[in-house]
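First up is the structure itself, then whatever we jot down about it.
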Amino acid sequence: MDKQDFINRLRAALNGNVAPNVVAENVSYYDEYISAEIRSGKTEEEVLCTLGDPRLIAKTIIDTNPWNGHRDEDGTGSAYGAGGYGSENYENDNYQEKDQTYRQTQYVRNANNVRVSRIPGWLWTIISILLMVAVISVILSVLSFLAPVIITIVVVMFLVKLFRDWLN
């Protein structure tokens, strides 16, 4: 995947899920970020690998968008209507959205750096064997506790049957 493919996938994943200005700002941010990282000496592949899947980034942006699904009549997606706090006309809105985008980017980077440890197959085998041994030992200990009672009942039933057969 190259830079343009990454940007296109991000845009496609965001379109229709957040306000158009949020799509434009995030696409612009990641476009500028990738270019800046390449200028600093990293390869395009390294930068894109560090960022991860654009659909995951888009999902994070969608999930953390405070005005997601709260569109006004004017379609701005503001919290309090056109011209109010959170609208496109609010003077500090640009700062707030850039700050939010930064926080989202940090979250995505942290999510990509999480190490997932997997339990090896040989360890699952050992755990399975130990679990089976534990179950069998519990069953045998219950049976050993009940064995004298069961043996007595079986012997009495055998003697009753033998006595009945002898009478007939």
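Letters A, B, ... go to the chains of the structure tokens in the order shown; residues in each chain start at 1; ligands are counted from 1 in the same order.
By chain and then residue number, the residues within 12 Å of Val27 (chain A) are Lys3, Gln4, Asp5, Phe6, Ile7, Asn8, Arg9, Leu10, Arg11, Ala12, Ala13, Leu14, Asn15, Pro20, Asn21, Val22, Val23, Ala24, Tyr30, Asp31, Glu32, Tyr33, Ile34, Pro54, Ile57, Ala58, Ile61, Lys98 and Thr101 of chain A, counting only C-alpha atoms and disregarding those fewer than 3 positions away in sequence.
The smallest atom-to-atom distance between Asn17 (chain A) and any of A:Asp165, A:Thr125, A:Thr60, A:Leu48, using only C-alpha atoms, is found for A:Thr60.
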